[in-house]
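Student: Got upload_7.pdb for you, PDB, C-alpha atoms and all ligand atoms:
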```pdb
ATOM      1  CA  MET A   1     154.505-104.761   9.988
ATOM      2  CA  CYS A   2     154.283-108.117   8.243
ATOM      3  CA  ASN A   3     157.723-109.750   7.835
ATOM      4  CA  ASN A   4     157.992-110.567  11.472
ATOM      5  CA  ALA A   5     159.928-113.607  12.718
ATOM      6  CA  ASP A   6     162.803-112.072  14.695
ATOM      7  CA  PRO A   7     161.991-110.213  17.956
ATOM      8  CA  GLU A   8     165.090-107.992  17.854
ATOM      9  CA  MET A   9     164.561-107.060  14.226
ATOM     10  CA  MET A  10     160.903-106.337  14.913
ATOM     11  CA  ALA A  11     161.802-104.158  17.902
ATOM     12  CA  ALA A  12     164.328-102.220  15.801
ATOM     13  CA  ALA A  13     161.770-101.764  13.014
ATOM     14  CA  ALA A  14     159.200-100.596  15.557
ATOM     15  CA  LYS A  15     161.618 -98.019  16.981
ATOM     16  CA  ALA A  16     162.523 -96.794  13.485
ATOM     17  CA  ASN A  17     158.843 -96.332  12.660
ATOM     18  CA  GLU A  18     158.235 -94.460  15.889
ATOM     19  CA  ILE A  19     161.156 -92.129  15.146
ATOM     20  CA  ALA A  20     159.791 -91.638  11.620
ATOM     21  CA  GLY A  21     156.566 -90.314  13.175
ATOM     22  CA  ALA A  22     154.196 -93.296  13.330
ATOM     23  CA  ASP A  23     151.271 -92.747  15.721
ATOM     24  CA  ILE A  24     150.505 -96.453  16.106
ATOM     25  CA  LEU A  25     151.992 -99.819  15.073
ATOM     26  CA  ASP A  26     149.848-102.737  13.914
ATOM     27  CA  ILE A  27     151.546-106.138  13.773
ATOM     28  CA  ASN A  28     150.036-108.430  11.159
ATOM     29  CA  MET A  29     149.962-112.098  12.200
ATOM     30  CA  GLY A  30     146.967-112.739   9.985
ATOM     31  CA  CYS A  31     148.548-112.681   6.545
ATOM     32  CA  PRO A  32     148.013-116.035   4.775
ATOM     33  CA  ALA A  33     150.294-115.335   1.770
ATOM     34  CA  LYS A  34     152.737-118.153   0.988
ATOM     35  CA  LYS A  35     155.681-115.805   0.457
ATOM     36  CA  VAL A  36     155.104-114.487   4.005
ATOM     37  CA  CYS A  37     154.242-117.752   5.790
ATOM     38  CA  ASN A  38     157.204-119.623   4.254
ATOM     39  CA  LYS A  39     159.478-117.312   6.253
ATOM     40  CA  ALA A  40     157.636-118.126   9.503
ATOM     41  CA  ALA A  41     155.914-114.758   9.430
ATOM     42  CA  GLY A  42     152.313-113.571   9.046
ATOM     43  CA  SER A  43     149.831-116.210  10.229
ATOM     44  CA  ALA A  44     152.566-118.908  10.335
ATOM     45  CA  LEU A  45     153.725-117.304  13.575
ATOM     46  CA  LEU A  46     150.523-118.372  15.320
ATOM     47  CA  ARG A  47     151.965-121.905  15.523
ATOM     48  CA  ASP A  48     154.840-120.747  17.734
ATOM     49  CA  GLU A  49     153.333-119.182  20.841
ATOM     50  CA  GLY A  50     156.738-118.685  22.509
ATOM     51  CA  LEU A  51     157.979-116.690  19.536
ATOM     52  CA  VAL A  52     154.763-114.654  19.454
ATOM     53  CA  ALA A  53     155.275-113.726  23.109
ATOM     54  CA  ALA A  54     158.928-112.796  22.512
ATOM     55  CA  ILE A  55     158.085-110.609  19.495
ATOM     56  CA  LEU A  56     155.198-108.817  21.171
ATOM     57  CA  LYS A  57     157.158-108.162  24.373
ATOM     58  CA  ALA A  58     160.171-106.876  22.424
ATOM     59  CA  VAL A  59     158.092-104.549  20.254
ATOM     60  CA  CYS A  60     155.950-103.192  23.096
ATOM     61  CA  ALA A  61     159.076-102.517  25.183
ATOM     62  CA  ALA A  62     160.828-100.744  22.298
ATOM     63  CA  VAL A  63     158.256 -97.975  21.726
ATOM     64  CA  THR A  64     155.951 -95.623  23.590
ATOM     65  CA  ILE A  65     153.265 -95.435  20.882
ATOM     66  CA  PRO A  66     150.367 -97.957  21.001
ATOM     67  CA  VAL A  67     151.034-101.377  19.475
ATOM     68  CA  THR A  68     148.099-103.420  18.156
ATOM     69  CA  LEU A  69     147.934-106.944  16.739
ATOM     70  CA  LYS A  70     145.956-108.659  13.991
ATOM     71  CA  ILE A  71     145.499-112.439  14.029
ATOM     72  CA  ARG A  72     143.442-115.273  12.581
ATOM     73  CA  LEU A  73     141.819-118.021  14.669
ATOM     74  CA  GLY A  74     144.900-120.186  14.256
ATOM     75  CA  TRP A  75     146.883-122.116  11.690
ATOM     76  CA  SER A  76     144.103-124.547  10.702
ATOM     77  CA  PRO A  77     140.661-125.659  11.924
ATOM     78  CA  GLN A  78     142.482-128.358  13.942
ATOM     79  CA  GLU A  79     145.055-125.915  15.350
ATOM     80  CA  GLN A  80     143.059-122.977  16.729
ATOM     81  CA  ASN A  81     144.770-120.982  19.479
ATOM     82  CA  ALA A  82     143.435-117.438  19.094
ATOM     83  CA  GLU A  83     142.275-117.359  22.724
ATOM     84  CA  THR A  84     145.767-118.213  23.979
ATOM     85  CA  ILE A  85     147.402-115.759  21.562
ATOM     86  CA  ALA A  86     145.006-113.056  22.765
ATOM     87  CA  GLN A  87     146.063-113.631  26.375
ATOM     88  CA  ILE A  88     149.734-113.608  25.367
ATOM     89  CA  ALA A  89     149.131-110.338  23.520
ATOM     90  CA  GLU A  90     147.400-108.703  26.461
ATOM     91  CA  ALA A  91     150.175-109.750  28.846
ATOM     92  CA  ALA A  92     152.812-108.376  26.456
ATOM     93  CA  GLY A  93     151.224-104.918  26.350
ATOM     94  CA  ILE A  94     149.265-105.060  23.090
ATOM     95  CA  GLN A  95     146.567-102.380  23.248
ATOM     96  CA  ALA A  96     143.952-103.764  20.840
ATOM     97  CA  LEU A  97     143.483-107.025  18.986
ATOM     98  CA  THR A  98     141.818-107.644  15.621
ATOM     99  CA  VAL A  99     140.571-111.174  14.945
ATOM    100  CA  HIS A 100     139.783-112.392  11.422
ATOM    101  CA  GLY A 101     137.401-115.286  12.103
ATOM    102  CA  ARG A 102     139.107-117.806   9.836
ATOM    103  CA  THR A 103     142.249-119.913  10.122
ATOM    104  CA  ARG A 104     145.243-119.584   7.837
ATOM    105  CA  ALA A 105     144.356-122.860   6.107
ATOM    106  CA  CYS A 106     140.895-121.453   5.314
ATOM    107  CA  ARG A 107     142.445-118.395   3.644
ATOM    108  CA  PHE A 108     139.295-116.617   2.410
ATOM    109  CA  GLN A 109     137.166-119.766   1.974
ATOM    110  CA  GLY A 110     134.255-120.969   4.094
ATOM    111  CA  GLU A 111     132.192-119.138   6.663
ATOM    112  CA  VAL A 112     133.633-116.785   9.255
ATOM    113  CA  ASP A 113     133.358-118.233  12.781
ATOM    114  CA  TYR A 114     131.901-115.304  14.728
ATOM    115  CA  ALA A 115     131.322-117.512  17.801
ATOM    116  CA  ALA A 116     135.081-118.114  17.947
ATOM    117  CA  ILE A 117     135.656-114.346  17.802
ATOM    118  CA  ALA A 118     133.227-113.996  20.732
ATOM    119  CA  ARG A 119     135.236-116.552  22.731
ATOM    120  CA  VAL A 120     138.424-114.540  22.152
ATOM    121  CA  LYS A 121     136.654-111.368  23.260
ATOM    122  CA  ALA A 122     135.560-113.074  26.491
ATOM    123  CA  LYS A 123     139.152-114.030  27.346
ATOM    124  CA  VAL A 124     140.755-110.552  27.439
ATOM    125  CA  SER A 125     140.128-107.018  28.685
ATOM    126  CA  ILE A 126     141.806-105.152  25.813
ATOM    127  CA  PRO A 127     139.542-103.955  22.974
ATOM    128  CA  VAL A 128     138.817-106.694  20.430
ATOM    129  CA  ILE A 129     137.938-105.865  16.825
ATOM    130  CA  GLY A 130     135.956-108.441  14.841
ATOM    131  CA  ASN A 131     136.776-108.994  11.180
ATOM    132  CA  GLY A 132     135.690-111.146   8.271
ATOM    133  CA  ASP A 133     132.991-111.001   5.588
ATOM    134  CA  ILE A 134     131.186-107.934   6.960
ATOM    135  CA  THR A 135     129.577-106.302   3.940
ATOM    136  CA  ASN A 136     126.698-104.117   5.146
ATOM    137  CA  ALA A 137     125.285-102.156   8.071
ATOM    138  CA  GLN A 138     122.830-104.784   9.319
ATOM    139  CA  GLN A 139     125.537-107.422   9.381
ATOM    140  CA  ALA A 140     127.927-105.055  11.155
ATOM    141  CA  SER A 141     125.283-104.444  13.785
ATOM    142  CA  SER A 142     124.573-108.141  14.312
ATOM    143  CA  VAL A 143     128.300-109.020  14.567
ATOM    144  CA  LEU A 144     128.741-106.308  17.199
ATOM    145  CA  GLN A 145     125.746-107.583  19.167
ATOM    146  CA  ASN A 146     126.384-111.308  18.841
ATOM    147  CA  THR A 147     130.112-111.308  19.563
ATOM    148  CA  GLY A 148     130.377-108.460  22.066
ATOM    149  CA  VAL A 149     133.422-107.088  20.218
ATOM    150  CA  ASP A 150     134.325-103.449  20.726
ATOM    151  CA  ALA A 151     134.583-102.596  17.029
ATOM    152  CA  ILE A 152     134.550-104.160  13.594
ATOM    153  CA  MET A 153     137.082-104.019  10.775
ATOM    154  CA  LEU A 154     135.962-103.916   7.149
ATOM    155  CA  GLY A 155     138.074-105.398   4.369
ATOM    156  CA  ARG A 156     137.125-106.416   0.860
ATOM    157  CA  ALA A 157     133.618-104.950   1.043
ATOM    158  CA  VAL A 158     135.134-101.458   0.948
ATOM    159  CA  GLN A 159     137.061-102.144  -2.250
ATOM    160  CA  GLY A 160     135.421 -99.916  -4.849
ATOM    161  CA  ARG A 161     132.963 -98.622  -2.230
ATOM    162  CA  PRO A 162     134.954 -96.166  -0.094
ATOM    163  CA  TRP A 163     131.746 -94.689   1.357
ATOM    164  CA  LEU A 164     130.703 -97.988   3.005
ATOM    165  CA  PRO A 165     132.287 -97.224   6.419
ATOM    166  CA  ALA A 166     130.319 -93.937   6.555
ATOM    167  CA  ASP A 167     127.085 -95.760   5.647
ATOM    168  CA  ILE A 168     127.662 -98.366   8.363
ATOM    169  CA  ASP A 169     128.614 -95.738  10.926
ATOM    170  CA  ARG A 170     125.419 -93.806  10.104
ATOM    171  CA  PHE A 171     123.285 -96.910  10.642
ATOM    172  CA  LEU A 172     125.021 -97.832  13.897
ATOM    173  CA  THR A 173     124.753 -94.334  15.358
ATOM    174  CA  THR A 174     121.333 -93.235  14.036
ATOM    175  CA  GLY A 175     119.588 -96.348  12.666
ATOM    176  CA  LEU A 176     119.203 -94.582   9.318
ATOM    177  CA  PRO A 177     119.687 -96.485   6.035
ATOM    178  CA  PRO A 178     122.558 -95.666   3.645
ATOM    179  CA  VAL A 179     122.478 -92.323   1.838
ATOM    180  CA  GLU A 180     121.338 -92.676  -1.773
ATOM    181  CA  ARG A 181     124.286 -91.767  -4.025
ATOM    182  CA  SER A 182     123.880 -91.007  -7.682
ATOM    183  CA  PHE A 183     126.366 -92.555 -10.081
ATOM    184  CA  GLU A 184     127.900 -89.117 -10.572
ATOM    185  CA  THR A 185     128.391 -88.693  -6.805
ATOM    186  CA  GLN A 186     130.104 -92.078  -6.665
ATOM    187  CA  CYS A 187     132.359 -91.138  -9.581
ATOM    188  CA  ARG A 188     133.284 -87.855  -7.931
ATOM    189  CA  ALA A 189     134.182 -89.775  -4.753
ATOM    190  CA  LEU A 190     136.341 -92.129  -6.828
ATOM    191  CA  ALA A 191     138.142 -89.199  -8.467
ATOM    192  CA  ARG A 192     138.758 -87.644  -5.036
ATOM    193  CA  HIS A 193     140.129 -90.966  -3.817
ATOM    194  CA  VAL A 194     142.454 -91.285  -6.818
ATOM    195  CA  ARG A 195     143.672 -87.705  -6.343
ATOM    196  CA  ALA A 196     144.400 -88.498  -2.677
ATOM    197  CA  LEU A 197     146.324 -91.641  -3.711
ATOM    198  CA  HIS A 198     148.497 -89.570  -6.069
ATOM    199  CA  HIS A 199     149.109 -87.041  -3.313
ATOM    200  CA  HIS A 200     149.897 -89.585  -0.591
ATOM    201  CA  TYR A 201     151.998 -92.091  -2.553
ATOM    202  CA  GLY A 202     153.470 -89.755  -5.171
ATOM    203  CA  PRO A 203     152.747 -89.878  -8.905
ATOM    204  CA  GLU A 204     154.467 -93.190  -9.724
ATOM    205  CA  GLN A 205     153.216 -95.451  -6.929
ATOM    206  CA  GLY A 206     149.912 -93.551  -6.722
ATOM    207  CA  LEU A 207     149.288 -94.228 -10.415
ATOM    208  CA  ARG A 208     149.746 -97.981  -9.932
ATOM    209  CA  ILE A 209     147.632 -98.177  -6.761
ATOM    210  CA  ALA A 210     144.849 -96.162  -8.433
ATOM    211  CA  ARG A 211     144.506 -98.902 -11.075
ATOM    212  CA  LYS A 212     143.470-101.413  -8.402
ATOM    213  CA  HIS A 213     140.882 -99.094  -6.879
ATOM    214  CA  VAL A 214     139.353 -98.050 -10.193
ATOM    215  CA  GLY A 215     139.161-101.747 -11.164
ATOM    216  CA  TRP A 216     137.342-102.550  -7.918
ATOM    217  CA  PHE A 217     134.982 -99.601  -8.454
ATOM    218  CA  LEU A 218     134.059-100.809 -11.928
ATOM    219  CA  GLN A 219     133.548-104.322 -10.569
ATOM    220  CA  ALA A 220     131.426-103.105  -7.633
ATOM    221  CA  ASN A 221     129.238-101.117 -10.000
ATOM    222  CA  THR A 222     128.981-104.004 -12.463
ATOM    223  CA  LEU A 223     129.399-101.549 -15.298
ATOM    224  CA  GLY A 224     130.693-104.288 -17.511
ATOM    225  CA  SER A 225     133.249-101.827 -18.844
ATOM    226  CA  GLU A 226     136.291-104.071 -19.221
ATOM    227  CA  PRO A 227     137.591-102.000 -22.174
ATOM    228  CA  PHE A 228     137.441 -98.916 -19.922
ATOM    229  CA  ARG A 229     139.464-100.715 -17.234
ATOM    230  CA  GLN A 230     142.031-101.887 -19.760
ATOM    231  CA  ALA A 231     142.362 -98.409 -21.235
ATOM    232  CA  PHE A 232     142.705 -96.883 -17.758
ATOM    233  CA  ASN A 233     145.472 -99.345 -16.889
ATOM    234  CA  LEU A 234     147.490 -98.257 -19.925
ATOM    235  CA  ILE A 235     147.687 -94.622 -18.768
ATOM    236  CA  GLN A 236     151.201 -93.716 -17.631
ATOM    237  CA  CYS A 237     150.568 -90.261 -16.128
ATOM    238  CA  ASP A 238     148.656 -89.337 -12.953
ATOM    239  CA  ALA A 239     146.995 -86.201 -14.391
ATOM    240  CA  GLN A 240     145.845 -88.217 -17.392
ATOM    241  CA  GLN A 241     144.190 -90.748 -15.068
ATOM    242  CA  LEU A 242     142.004 -87.959 -13.662
ATOM    243  CA  VAL A 243     141.099 -86.679 -17.117
ATOM    244  CA  PHE A 244     140.156 -90.201 -18.103
ATOM    245  CA  LEU A 245     137.985 -90.649 -14.998
ATOM    246  CA  ASP A 246     135.902 -87.679 -16.155
ATOM    247  CA  ARG A 247     134.559 -89.947 -18.882
ATOM    248  CA  LEU A 248     133.029 -92.173 -16.211
ATOM    249  CA  TRP A 249     130.709 -89.373 -15.135
ATOM    250  CA  ASP A 250     128.968 -89.660 -18.442
ATOM    251  CA  LEU A 251     127.203 -93.020 -18.454
ATOM    252  CA  ASP A 252     126.852 -92.870 -22.242
ATOM    253  CA  ALA A 253     130.618 -92.770 -22.535
ATOM    254  CA  VAL A 254     130.879 -95.849 -20.300
ATOM    255  CA  GLY A 255     128.199 -97.573 -22.336
ATOM    256  CA  ALA A 256     130.199 -96.809 -25.457
ATOM    257  CA  ALA A 257     133.350 -98.213 -23.872
ATOM    258  CA  ALA A 258     131.638-101.408 -22.666
TER     259      ALA A 258
HETATM  260  C1  LIG A 301     144.040-107.262  -1.125
HETATM  261  C2  LIG A 301     144.094-107.428   0.372
HETATM  262  C3  LIG A 301     145.127-106.826   1.094
HETATM  263  C4  LIG A 301     145.204-106.968   2.483
HETATM  264  N1  LIG A 301     146.222-106.369   3.173
HETATM  265  C5  LIG A 301     146.269-106.464   4.525
HETATM  266  C6  LIG A 301     147.294-105.810   5.273
HETATM  267  O1  LIG A 301     148.187-105.163   4.717
HETATM  268  N2  LIG A 301     147.284-105.919   6.633
HETATM  269  C7  LIG A 301     146.300-106.625   7.279
HETATM  270  O2  LIG A 301     146.309-106.682   8.511
HETATM  271  N3  LIG A 301     145.326-107.271   6.599
HETATM  272  C8  LIG A 301     145.289-107.201   5.251
HETATM  273  N4  LIG A 301     144.296-107.855   4.554
HETATM  274  C9  LIG A 301     143.303-108.655   5.271
HETATM  275  C10 LIG A 301     142.064-107.828   5.610
HETATM  276  O3  LIG A 301     142.402-106.792   6.503
HETATM  277  C11 LIG A 301     140.976-108.682   6.274
HETATM  278  O4  LIG A 301     141.477-109.270   7.441
HETATM  279  C12 LIG A 301     140.459-109.786   5.368
HETATM  280  O5  LIG A 301     140.276-109.330   4.039
HETATM  281  C13 LIG A 301     139.132-110.342   5.906
HETATM  282  O6  LIG A 301     138.177-109.324   6.009
HETATM  283  P1  LIG A 301     137.007-109.146   4.877
HETATM  284  O7  LIG A 301     136.298-110.471   4.775
HETATM  285  O8  LIG A 301     136.151-108.043   5.405
HETATM  286  O9  LIG A 301     137.708-108.812   3.595
HETATM  287  C14 LIG A 301     144.220-107.737   3.165
HETATM  288  C15 LIG A 301     143.182-108.334   2.431
HETATM  289  C16 LIG A 301     143.108-108.195   1.052
HETATM  290  C17 LIG A 301     141.982-108.874   0.300
END
```
Show the structure stored in the file as structure tokens.

Tutor:
Amino acid sequence: MCNNADPEMMAAAAKANEIAGADILDINMGCPAKKVCNKAAGSALLRDEGLVAAILKAVCAAVTIPVTLKIRLGWSPQEQNAETIAQIAEAAGIQALTVHGRTRACRFQGEVDYAAIARVKAKVSIPVIGNGDITNAQQASSVLQNTGVDAIMLGRAVQGRPWLPADIDRFLTTGLPPVERSFETQCRALARHVRALHHHYGPEQGLRIARKHVGWFLQANTLGSEPFRQAFNLIQCDAQQLVFLDRLWDLDAVGAAA
């Protein structure tokens, strides 16, 4: 739920989603996009604590399913109020809080402030989830230890590497390093992911979303196969996308396309 400036509208949207079968609602007050913030939504809301309280109370009162919240540290390095927002959220009935350790002004630039995430965690009793720039198991472990957060959220590091959460979970629960995956295993995982996208979103939307994920996969594997990506993006049929992905399993074919 991202376009969120009006408490009544948000409450109505929450109710509609609950009726439609949602198991949980996550309110996004961390989005830095201009088109969102210009409408006093996303992370722009963090500047208006009264409105945040009104929205969160209205939404939590409207539904019986759990409502969670995602925030940044504040609007800018000079206007950081994540600790206050966290307390407002807890009082309103929010059941878990994710904190991206940057401000809106920082967007995705600069270092994540994990100490600030730790300060938010210390202020509330609800579960706090730390987020920002976590790319591997060792880092996940150190963020958990150093901030005291209850969980971590992964973002961009998973793009093109859908097995990363499993690798991190394995390290955190057993101390074992990531499983070695052959290129073919990775390609099979990608094909499974694309098939699931088609199934979940339907052929038209699934086809478009698959282009992003295949692009990220090629980038993450530094295959240097830009012609392959371009050719994949021209495909207009979901079944054809899967046929095309078969070519990836043969490195020679990728080499030829690069
Ligand atoms: C392409 C893209 C789409 C995103 N979409 C959402 C979203 O729909 N809801 C949300 O709460 N955060 C969204 N985020 C933010 C991420 O969840 C995360 O907070 C941010 O990327 C920082 O984490 P990272 O450094 O691990 O990527 C998005 C980020 C990216 C790059």

Student: Residues near Ile55 in chain A, anyone? I mean within 10 Å using all atoms listed in the file, not counting same-chain ones fewer than 4 positions away, as a list in words.

Tutor: Asn4, Ala5, Asp6, Pro7, Glu8, Met9, Met10, Ala11, Ile27, Leu45, Glu49, Gly50, Leu51, Val59, Cys60, Ala61, Ala89 and Ala92 of chain A

Student: Name the residues that the PyMOL selection byres (((not hetatm)) within 10 of (chain A and resi 301)) pulls out of this structure, and write them as an MDAnalysis selection string.

Tutor: chainID A and resid 1:2 26:33 42 69:72 98:102 107:109 111:112 130:135 152:159 212

Student: In Å, how far is it from CA of Phe232 in chain A to CA of Leu164 in chain A?

Tutor: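 That distance, rounded to one decimal, is 24.0 Å.
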
Student: For Val143 in chain A, which of A:Phe171, A:Phe228, A:Tyr114, A:Phe217 is the closest residue, counting only C-alpha atoms?

Tutor: A:Tyr114

Student: Which centre and which edge lengths, in Å to one decimal, describe the axis-aligned box that holds all listed atoms of range 205-214 of chain A after 4 Å is added on each side, as lines of an AutoDock Vina configuration file?

Tutor:
```
center_x = 146.3
center_y = -97.5
center_z = -8.9
size_x = 21.9
size_y = 15.9
size_z = 12.4
```

Student: Would you translate the PyMOL selection byres (((chain A and resi 74-86) around 8) and not hetatm) into the concrete set of residues it matches in this file, as a ChimeraX atom specification?

Tutor: /A:43-44,46-47,49,52,71-73,87-90,97,102-106,119-120,123-124

Student: Work out how far CA of Asp150 in chain A is from CA of Ala189 in chain A, in Å to one decimal.

Tutor: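 CA of Asp150 in chain A lies at a distance of 28.9 Å from CA of Ala189 in chain A.
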
Student: Would you mind telling me which residue in A:Asp246, A:Glu226, A:Asp238, A:Asp48 lies nearest to Ala196 in chain A when using only C-alpha atoms?

Tutor: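 Once distances to Ala196 in chain A are computed over only C-alpha atoms, the minimum belongs to A:Asp238.
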
Student: Tell me which protein, DNA and RNA residues are within 12 Å of Ala191 in chain A, counting all atoms listed in the file, leaving out same-chain ones fewer than 6 positions away, and put them as a VMD selection string.

Tutor: chain A and resid 160 162 184 to 185 197 to 198 210 to 211 213 to 214 217 238 to 249

Student: For the residues in that selection, give me C-alpha atoms as a compact mmCIF listing (two decimals), in the frame of the given file.

Tutor:
```txt
# COMPACT_ATOMS: atom_id res chain seq x y z
CA GLY A 160 135.42 -99.92 -4.85
CA PRO A 162 134.95 -96.17 -0.09
CA GLU A 184 127.90 -89.12 -10.57
CA THR A 185 128.39 -88.69 -6.80
CA LEU A 197 146.32 -91.64 -3.71
CA HIS A 198 148.50 -89.57 -6.07
CA ALA A 210 144.85 -96.16 -8.43
CA ARG A 211 144.51 -98.90 -11.08
CA HIS A 213 140.88 -99.09 -6.88
CA VAL A 214 139.35 -98.05 -10.19
CA PHE A 217 134.98 -99.60 -8.45
CA ASP A 238 148.66 -89.34 -12.95
CA ALA A 239 147.00 -86.20 -14.39
CA GLN A 240 145.84 -88.22 -17.39
CA GLN A 241 144.19 -90.75 -15.07
CA LEU A 242 142.00 -87.96 -13.66
CA VAL A 243 141.10 -86.68 -17.12
CA PHE A 244 140.16 -90.20 -18.10
CA LEU A 245 137.99 -90.65 -15.00
CA ASP A 246 135.90 -87.68 -16.16
CA ARG A 247 134.56 -89.95 -18.88
CA LEU A 248 133.03 -92.17 -16.21
CA TRP A 249 130.71 -89.37 -15.14
```

Student: For CA of Leu172 in chain A and CA of Ser141 in chain A, quote the distance in Å rounded to one decimal.

Tutor: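 Answer for the CA of Leu172 in chain A to CA of Ser141 in chain A separation: 6.6 Å.
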